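Reading through the structure tokens given below for one structure.
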Amino acid sequence: MAKFRRKPLVVEAVQWFKNGVWRTWTGEEVKANGWEGQIVRYFRRPDVSGDKVCKRCGLKMKDHGWIDTPEGGHKVCPGDFVITGVKGERYPCRPEIFAATYEPA
């Protein structure tokens with residue numbers, strides 16, 4: 001089977017912790033000013049209780065965010081990175097996947 005390597009690509013990313021707070025790659029914490037709600041919204045789904053525990057991170061769903069993606073949308077766990085893709089689309093990425101895939105440019 002043929003093997004392929006991912007093309008070098010520079011993306012923008014911030015680490016999301018809670019509604020209104022995100023962190024840059026250097027660790028600088030930034031309070032959202034117009035950012036929260038435009039990219040990461042509060043997690044609200046009528047079929048999922050806010051007190052339900054997330055299987056991935058162990059925190060309650062009310063502490064999560066939601067991001068609209070080309071695939072429809074994904075939950076954002078505290079600590080996830082929010083990446084802006086080459087077409088301006090945004091999507092969440094787990095910290096361990098982000099660290100294995102990206103490095104500062």
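Every chain in the structure tokens takes a letter, A first, then B, and so on in the order presented; its residues are numbered from 1, and the ligands are numbered from 1 following the presented order.
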
Chain A: residues DSSP assigns to alpha helix (DSSP H), reported as a VMD selection string: chain A and resid 95 to 101

Ranking A:Ala13, A:Ile67, A:Met61, A:Ala105 by minimum distance to Phe81 of chain A and counting only C-alpha atoms, which one comes first? A:Ala13

If you count only C-alpha atoms, which residues fall within 10 Å of Gly79 of chain A, apart from same-chain ones fewer than 5 positions away, as JSON, numbers by chain? {"A": [14, 15, 16, 17, 18, 22, 23, 57, 64, 92, 93, 94, 95]}

Print the selection's residues with C-alpha atoms to a file, as a PDB file, in the first residue's frame.
```pdb
ATOM      1  CA  VAL A  14      -6.183  28.750  20.275  1.00  0.00           C
ATOM      2  CA  GLN A  15      -6.789  26.536  23.284  1.00  0.00           C
ATOM      3  CA  TRP A  16     -10.326  26.788  24.706  1.00  0.00           C
ATOM      4  CA  PHE A  17     -10.989  26.307  28.422  1.00  0.00           C
ATOM      5  CA  LYS A  18     -14.406  27.760  29.134  1.00  0.00           C
ATOM      6  CA  TRP A  22      -8.934  30.838  25.605  1.00  0.00           C
ATOM      7  CA  ARG A  23      -5.156  30.555  25.617  1.00  0.00           C
ATOM      8  CA  CYS A  57     -12.852  14.251  29.576  1.00  0.00           C
ATOM      9  CA  HIS A  64     -18.387  22.280  27.386  1.00  0.00           C
ATOM     10  CA  PRO A  92     -11.809  21.314  17.749  1.00  0.00           C
ATOM     11  CA  CYS A  93      -8.734  19.163  18.283  1.00  0.00           C
ATOM     12  CA  ARG A  94      -7.770  17.203  21.392  1.00  0.00           C
ATOM     13  CA  PRO A  95      -4.604  18.516  23.084  1.00  0.00           C
TER      14      PRO A  95
END
```

Just give me the gap between atom CA of Val48 of chain A and atom CA of Asp63 of chain A in Å, one decimal is fine.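 These two atoms are separated by 12.7 Å.
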
Pick the closest to Trp66 of chain A from A:Thr101, A:Phe43, A:Arg6, A:Val11: which is it, counting only C-alpha atoms?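 Ranking A:Thr101, A:Phe43, A:Arg6, A:Val11 by distance to Trp66 of chain A, first place goes to A:Phe43.
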
When you look at Ile83 of chain A with a cut-off of 6 Å (counting only C-alpha atoms), what residues show up, excluding the ones that are within fewer than 4 positions of it in the same chain? I need them as an MDAnalysis selection string. chainID A and resid 12:13 90:91

Write a file of the selected residues as an mmCIF file, in the first residue's frame, keeping N, CA and C atoms.
```cif
data_model
loop_
_atom_site.group_PDB
_atom_site.id
_atom_site.type_symbol
_atom_site.label_atom_id
_atom_site.label_comp_id
_atom_site.auth_asym_id
_atom_site.auth_seq_id
_atom_site.Cartn_x
_atom_site.Cartn_y
_atom_site.Cartn_z
ATOM 1 N N GLU A 12 -3.979 28.595 12.226
ATOM 2 C CA GLU A 12 -4.183 29.365 13.446
ATOM 3 C C GLU A 12 -4.886 28.469 14.451
ATOM 4 N N ALA A 13 -4.517 28.588 15.729
ATOM 5 C CA ALA A 13 -5.165 27.771 16.756
ATOM 6 C C ALA A 13 -5.106 28.484 18.098
ATOM 7 N N ARG A 90 -13.486 26.143 11.145
ATOM 8 C CA ARG A 90 -12.934 25.937 12.483
ATOM 9 C C ARG A 90 -13.411 24.604 13.027
ATOM 10 N N TYR A 91 -12.526 23.953 13.758
ATOM 11 C CA TYR A 91 -12.872 22.663 14.337
ATOM 12 C C TYR A 91 -12.029 22.414 15.575
#
```

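Across the model, the gap from atom CA of Gly72 of chain A to atom CA of Ser49 of chain A is 20.0 Å.
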
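Taking atom CA of Pro78 of chain A and atom CA of Ala100 of chain A as endpoints, the distance between them is 18.4 Å.
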
Counting only C-alpha atoms, the residue of A:Arg45, A:Gly58, A:Glu96, A:Glu103 that sits nearest Val10 of chain A: A:Glu103

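Of the residues listed (A:Val21, A:Tyr42, A:Pro8, A:Lys3), A:Tyr42 shows the shortest atom-to-atom separation from His74 of chain A; distances use only C-alpha atoms.
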